[in-house]
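Have a look at my_file.txt below; it lists compact mmCIF, C-alpha atoms.
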```txt
# COMPACT_ATOMS: atom_id res chain seq x y z
CA GLU A 1 0.00 0.00 0.00
CA ALA A 2 1.45 3.35 -1.03
CA GLY A 3 1.76 5.82 1.79
CA VAL A 4 0.71 9.46 2.05
CA ALA A 5 2.65 11.54 -0.47
CA GLN A 6 3.54 15.16 0.16
CA SER A 7 5.41 17.74 -1.88
CA PRO A 8 7.59 19.66 -1.80
CA ARG A 9 9.79 18.26 1.00
CA TYR A 10 11.41 21.61 1.68
CA LYS A 11 10.45 25.18 0.91
CA ILE A 12 12.19 28.45 1.72
CA ILE A 13 10.37 31.72 1.14
CA GLU A 14 10.50 35.29 2.37
CA LYS A 15 7.85 36.68 4.68
CA ARG A 16 4.76 38.03 2.93
CA GLN A 17 5.23 35.59 0.04
CA SER A 18 2.75 32.82 -0.77
CA VAL A 19 3.33 29.08 -0.62
CA ALA A 20 1.31 25.96 -1.36
CA PHE A 21 1.69 22.37 -0.22
CA TRP A 22 0.22 19.30 -1.86
CA CYS A 23 -0.94 16.01 -0.35
CA ASN A 24 -2.05 12.74 -1.92
CA PRO A 25 -3.61 10.46 0.71
CA ILE A 26 -3.72 6.70 0.79
CA SER A 27 -6.15 5.45 -1.83
CA GLY A 28 -9.66 5.04 -0.42
CA HIS A 29 -9.07 7.04 2.74
CA ALA A 30 -12.07 9.25 3.40
CA THR A 31 -10.53 11.46 6.06
CA LEU A 32 -7.63 13.84 5.45
CA TYR A 33 -5.84 16.06 7.93
CA TRP A 34 -3.33 18.90 7.81
CA TYR A 35 -1.13 19.49 10.85
CA GLN A 36 1.45 22.13 11.74
CA GLN A 37 4.43 20.93 13.77
CA ILE A 38 6.70 23.57 15.23
CA LEU A 39 10.18 22.42 16.23
CA GLY A 40 10.16 20.65 19.58
CA GLN A 41 6.36 20.39 19.77
CA GLY A 42 3.71 17.88 18.88
CA PRO A 43 1.61 18.34 15.74
CA LYS A 44 -1.33 20.74 15.90
CA LEU A 45 -4.39 20.01 13.78
CA LEU A 46 -5.18 22.76 11.28
CA ILE A 47 -8.02 21.23 9.29
CA GLN A 48 -9.86 17.92 8.92
CA PHE A 49 -11.73 16.84 5.77
CA GLN A 50 -14.24 14.03 5.43
CA ASN A 51 -14.32 13.28 1.69
CA ASN A 52 -14.39 16.81 0.23
CA GLY A 53 -16.18 18.50 3.14
CA VAL A 54 -14.56 20.33 6.04
CA VAL A 55 -15.22 18.67 9.42
CA ASP A 56 -13.10 20.94 11.58
CA ASP A 57 -11.05 24.04 10.80
CA SER A 58 -11.29 25.72 14.19
CA GLN A 59 -7.50 26.05 14.52
CA LEU A 60 -6.83 27.21 10.96
CA PRO A 61 -5.77 30.90 10.80
CA LYS A 62 -8.27 31.70 8.12
CA ASP A 63 -6.96 35.20 7.44
CA ARG A 64 -3.87 33.66 5.81
CA PHE A 65 -4.34 29.90 5.53
CA SER A 66 -6.67 28.09 3.15
CA ALA A 67 -7.12 24.46 2.22
CA GLU A 68 -9.18 22.49 -0.23
CA ARG A 69 -9.73 18.86 -1.10
CA LEU A 70 -10.94 18.62 -4.65
CA LYS A 71 -13.03 15.55 -5.52
CA GLY A 72 -12.34 14.13 -2.07
CA VAL A 73 -8.84 12.92 -2.96
CA ASP A 74 -5.80 15.23 -3.20
CA SER A 75 -5.53 18.30 -1.03
CA THR A 76 -3.63 21.58 -1.07
CA LEU A 77 -2.81 23.88 1.83
CA LYS A 78 -1.92 27.49 1.05
CA ILE A 79 -0.43 30.27 3.13
CA GLN A 80 -0.80 33.84 1.87
CA PRO A 81 0.95 35.94 3.06
CA ALA A 82 3.47 34.01 5.14
CA LYS A 83 4.71 35.24 8.51
CA LEU A 84 7.91 34.33 10.33
CA GLU A 85 5.93 32.30 12.88
CA ASP A 86 4.69 30.01 10.09
CA SER A 87 8.11 28.32 9.97
CA ALA A 88 7.26 24.71 10.76
CA VAL A 89 6.77 21.27 9.27
CA TYR A 90 3.38 20.83 7.62
CA LEU A 91 2.17 17.25 7.88
CA CYS A 92 -0.63 15.63 5.96
CA ALA A 93 -2.34 12.52 7.29
CA SER A 94 -5.19 10.32 6.14
CA SER A 95 -7.34 7.61 7.69
CA ALA A 96 -9.90 5.16 6.39
CA ASN A 97 -12.39 6.92 8.59
CA ALA A 98 -12.27 9.45 11.40
CA ASP A 99 -12.17 6.86 14.21
CA GLN A 100 -9.28 4.94 12.64
CA PRO A 101 -5.50 5.38 13.04
CA GLN A 102 -3.95 8.15 10.99
CA HIS A 103 -1.19 7.60 8.44
CA PHE A 104 1.23 10.48 8.01
CA GLY A 105 3.33 11.73 5.14
CA ASP A 106 6.90 12.91 5.75
CA GLY A 107 5.83 16.55 5.68
CA THR A 108 7.00 19.79 4.09
CA ARG A 109 9.57 21.75 6.06
CA LEU A 110 8.84 25.45 5.57
CA SER A 111 11.38 28.12 6.41
CA ILE A 112 10.43 31.79 6.34
CA LEU A 113 13.24 34.31 5.94
CA SER B 1 -6.92 22.67 26.73
CA GLN B 2 -7.25 18.89 26.58
CA GLN B 3 -3.67 18.47 25.40
CA GLY B 4 -1.82 15.39 26.57
CA GLU B 5 1.35 15.81 28.56
CA GLU B 6 4.11 13.25 28.22
CA ASP B 7 6.54 12.38 30.94
CA PRO B 8 9.51 12.26 30.88
CA GLN B 9 10.48 14.77 28.20
CA ALA B 10 13.61 12.75 27.46
CA LEU B 11 14.69 9.19 28.29
CA SER B 12 18.09 7.61 27.70
CA ILE B 13 18.56 3.85 28.15
CA GLN B 14 20.77 0.96 27.06
CA GLU B 15 19.74 -1.65 24.49
CA GLY B 16 17.82 -4.47 26.10
CA GLU B 17 16.32 -2.31 28.84
CA ASN B 18 12.64 -1.43 29.05
CA ALA B 19 11.36 2.09 28.37
CA THR B 20 8.23 3.51 29.96
CA MET B 21 6.58 6.74 28.87
CA ASN B 22 3.56 8.31 30.50
CA CYS B 23 0.81 10.54 29.21
CA SER B 24 -1.76 12.55 31.14
CA TYR B 25 -4.75 14.37 29.71
CA LYS B 26 -7.51 16.59 30.99
CA THR B 27 -10.90 15.68 29.50
CA SER B 28 -12.97 12.64 28.55
CA ILE B 29 -11.75 10.86 25.45
CA ASN B 30 -13.02 8.52 22.74
CA ASN B 31 -9.60 6.96 22.37
CA LEU B 32 -5.92 7.57 22.99
CA GLN B 33 -3.24 6.84 20.42
CA TRP B 34 0.54 6.54 20.52
CA TYR B 35 2.73 7.54 17.60
CA ARG B 36 6.47 7.39 16.90
CA GLN B 37 8.40 9.96 14.90
CA ASN B 38 11.91 9.45 13.63
CA SER B 39 13.96 12.57 12.94
CA GLY B 40 12.86 14.31 9.75
CA ARG B 41 10.02 11.88 9.10
CA GLY B 42 6.28 11.74 9.60
CA LEU B 43 4.54 10.06 12.50
CA VAL B 44 3.93 6.33 12.55
CA HIS B 45 0.90 4.94 14.36
CA LEU B 46 1.73 2.43 17.12
CA ILE B 47 -1.40 1.61 19.12
CA LEU B 48 -4.97 2.93 19.50
CA ILE B 49 -6.71 2.19 22.79
CA ARG B 50 -10.39 3.01 23.21
CA SER B 51 -11.87 4.54 26.33
CA ASN B 52 -13.50 1.24 27.36
CA GLU B 53 -10.21 -0.69 27.11
CA ARG B 54 -7.58 -0.93 29.83
CA GLU B 55 -4.62 -2.57 28.12
CA LYS B 56 -3.40 -3.42 24.62
CA HIS B 57 -0.34 -5.18 23.31
CA SER B 58 1.45 -5.07 19.99
CA GLY B 59 4.71 -6.98 19.72
CA ARG B 60 7.11 -5.39 22.21
CA LEU B 61 4.67 -2.58 22.99
CA ARG B 62 2.21 -2.50 25.87
CA VAL B 63 -0.20 0.39 26.42
CA THR B 64 -2.36 0.89 29.48
CA LEU B 65 -5.19 3.36 29.96
CA ASP B 66 -6.63 4.55 33.27
CA THR B 67 -9.58 6.81 32.52
CA SER B 68 -10.20 7.50 36.22
CA LYS B 69 -6.73 9.03 36.47
CA LYS B 70 -6.81 10.37 32.89
CA SER B 71 -3.47 8.76 32.17
CA SER B 72 -1.83 6.25 29.87
CA SER B 73 1.54 4.58 29.66
CA LEU B 74 3.55 3.08 26.83
CA LEU B 75 6.02 0.33 27.67
CA ILE B 76 8.63 -0.79 25.15
CA THR B 77 10.28 -4.00 26.26
CA ALA B 78 13.77 -5.17 25.29
CA SER B 79 14.52 -1.89 23.54
CA ARG B 80 16.73 -1.65 20.44
CA ALA B 81 18.79 1.17 18.99
CA ALA B 82 16.19 1.37 16.20
CA ASP B 83 13.59 2.40 18.81
CA THR B 84 15.37 5.76 19.13
CA ALA B 85 12.71 8.33 18.20
CA SER B 86 10.19 10.78 19.64
CA TYR B 87 7.02 9.24 21.02
CA PHE B 88 3.74 11.14 21.16
CA CYS B 89 0.42 10.42 22.78
CA ALA B 90 -2.67 11.88 21.14
CA THR B 91 -6.17 12.10 22.53
CA ASP B 92 -9.44 12.07 20.61
CA TYR B 93 -11.65 14.35 22.70
CA ALA B 94 -15.06 12.86 23.52
CA GLY B 95 -16.86 16.19 23.68
CA GLY B 96 -16.30 17.08 20.06
CA THR B 97 -18.80 16.81 17.24
CA SER B 98 -16.79 14.18 15.42
CA TYR B 99 -13.97 11.68 15.76
CA GLY B 100 -10.42 12.19 14.59
CA LYS B 101 -9.59 15.60 15.99
CA LEU B 102 -6.41 14.51 17.76
CA THR B 103 -4.60 16.64 20.31
CA PHE B 104 -0.94 15.72 20.62
CA GLY B 105 1.37 16.15 23.58
CA GLN B 106 4.91 17.53 23.41
CA GLY B 107 6.43 14.08 23.11
CA THR B 108 9.12 12.02 24.82
CA ILE B 109 12.51 11.78 23.13
CA LEU B 110 13.80 8.23 23.59
CA THR B 111 17.46 7.44 22.99
CA VAL B 112 18.55 3.81 23.07
CA HIS B 113 22.32 3.31 23.24
CA PRO B 114 23.82 0.21 21.57
```
Will you turn the file into C-alpha cells for me?
Amino acid sequence: EAGVAQSPRYKIIEKRQSVAFWCNPISGHATLYWYQQILGQGPKLLIQFQNNGVVDDSQLPKDRFSAERLKGVDSTLKIQPAKLEDSAVYLCASSANADQPQHFGDGTRLSIL
Amino acid sequence: SQQGEEDPQALSIQEGENATMNCSYKTSINNLQWYRQNSGRGLVHLILIRSNEREKHSGRLRVTLDTSKKSSSLLITASRAADTASYFCATDYAGGTSYGKLTFGQGTILTVHP
C-alpha cells in the first residue's frame, strides 16, 4: 500500500510571500488532515476533511491559511501571506475513517526568511 | 486545553532495557493513540486504545489506559537502537462533534544506546 505523499519536502520563502503544499492520501481514505508541527512540539491540527467537506477548521488561521480537497482525494494547503511564525513542518495525514489510526506523510519543512 | 502531557520529556537507556513513557490528559476521550516519529520523518501509528479498554499489546509494545486518572503509559520491552525516536500520545476528545480531531502532547525523546 502506497503511503501518504507530500510535496515539496522543503520550501524556503520570504515573509509576505505565498506558498502551497500538496498532499495525496492513501487510496480510499475518506478522512484527510493537515497538521502544523513547530520544532520541539507535537503536531497541531489545522483542518480535517471528510471526503471533500470540512469537518473541523477551528485552529486554521483563516486570514492567511486556506485548504481544499478537490473531488475528495488530493488536497492543497496554502499560506498567503506568510509570517515568520509560520516556519514549521506541515504534515498531511489520512485515515480510512475518522475513528481509525492516521497515516502520516513525511511533511513539508517550511522556512520563512 | 485537553492536550496530553508526556513524561519524561527525554529518556536515555541501554539496548535491552525497558522504556516507559507516561501521558496525562484533561478531558474525557473517545480513544488515545501513541505515535512514533523518527527525525525528519512523519509520524507512525503504534497503538490505538479506546476509552473502554484498559490494556493493549502489539509486539514489544504494551499500552495501558486509566480513565479514572486520565493517564496512559507506553512500555517498550527489550529496547533496540532502532527504537530511538520521539514518542507522542494523542487524545481524541469525547466532547467534540466528530472523531479524529487529535490533540498531541509535546512528546518524549527516547534514545537507546547500543
### Task
Using all atoms listed in the file, determine which residues lie at most 6 Å from stretch 4-20 of chain B, disregarding the query and same-chain residues fewer than 6 positions distant; provide the list as a list of chain:residue names.
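Answer for this query is B:Leu74, B:Leu75, B:Ile76, B:Thr77, B:Ala78, B:Ser79, B:Arg80, B:Gly105, B:Gly107, B:Thr108, B:Ile109, B:Leu110, B:Thr111, B:Val112, B:His113, B:Pro114.
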#### Entry: Residue hits in chain B, query chain A, radius 10 Å, all atoms listed in the file, as a PyMOL selection string
chain B and resi 3-4+30-31+33-35+37-38+40-48+50+86-90+92+96-109
#### Entry: Between atom CA of A:Glu85 and atom CA of A:Lys15, distance in Å (one decimal)
9.5 Å
### Task
Name the closest residue to B:Arg62 among the candidates B:Ile29, B:Tyr93, B:Ser39, B:Ile49; distances are taken between atoms, counting all atoms listed in the file.
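Using all atoms listed in the file, B:Arg62 sits closest to B:Ile49.
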Pick out the residues sitting within 9 Å of A:Arg16, and hand them over as a PDB file with C-alpha atoms, in the coordinates of the input; count all atoms listed in the file, and ignore anything fewer than 5 positions along from it in its own chain.
```
ATOM      1  CA  GLN A  80      -0.800  33.840   1.870  1.00  0.00           C
ATOM      2  CA  PRO A  81       0.950  35.940   3.060  1.00  0.00           C
ATOM      3  CA  ALA A  82       3.470  34.010   5.140  1.00  0.00           C
ATOM      4  CA  LYS A  83       4.710  35.240   8.510  1.00  0.00           C
ATOM      5  CA  LEU A  84       7.910  34.330  10.330  1.00  0.00           C
TER       6      LEU A  84
END
```
### Message
Quick check, in Å to one decimal: how far apart do atom CA of B:Glu53 and atom CA of A:Tyr35 lie?
### Response
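These two atoms are separated by 27.5 Å.
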Using the file's own x, y and z axes, so that the box edges lie along x, y and z, what centre and edge lengths in Å (one decimal) does a box around every listed atom of stretch 43-60 of chain A get when 5 Å is added on each side? Give it as lines of an AutoDock Vina configuration file.
```
center_x = -7.3
center_y = 20.2
center_z = 8.1
size_x = 27.8
size_y = 23.9
size_z = 25.7
```
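Between atom CA of A:Gly53 and atom CA of B:Arg36 there is a distance of 28.7 Å.
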### Selected residue of minimal separation from A:Ser111 among A:Ser87, A:Asn24, A:Gln6, A:Ser18, counting all atoms listed in the file
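Closest to A:Ser111, using all atoms listed in the file: A:Ser87.
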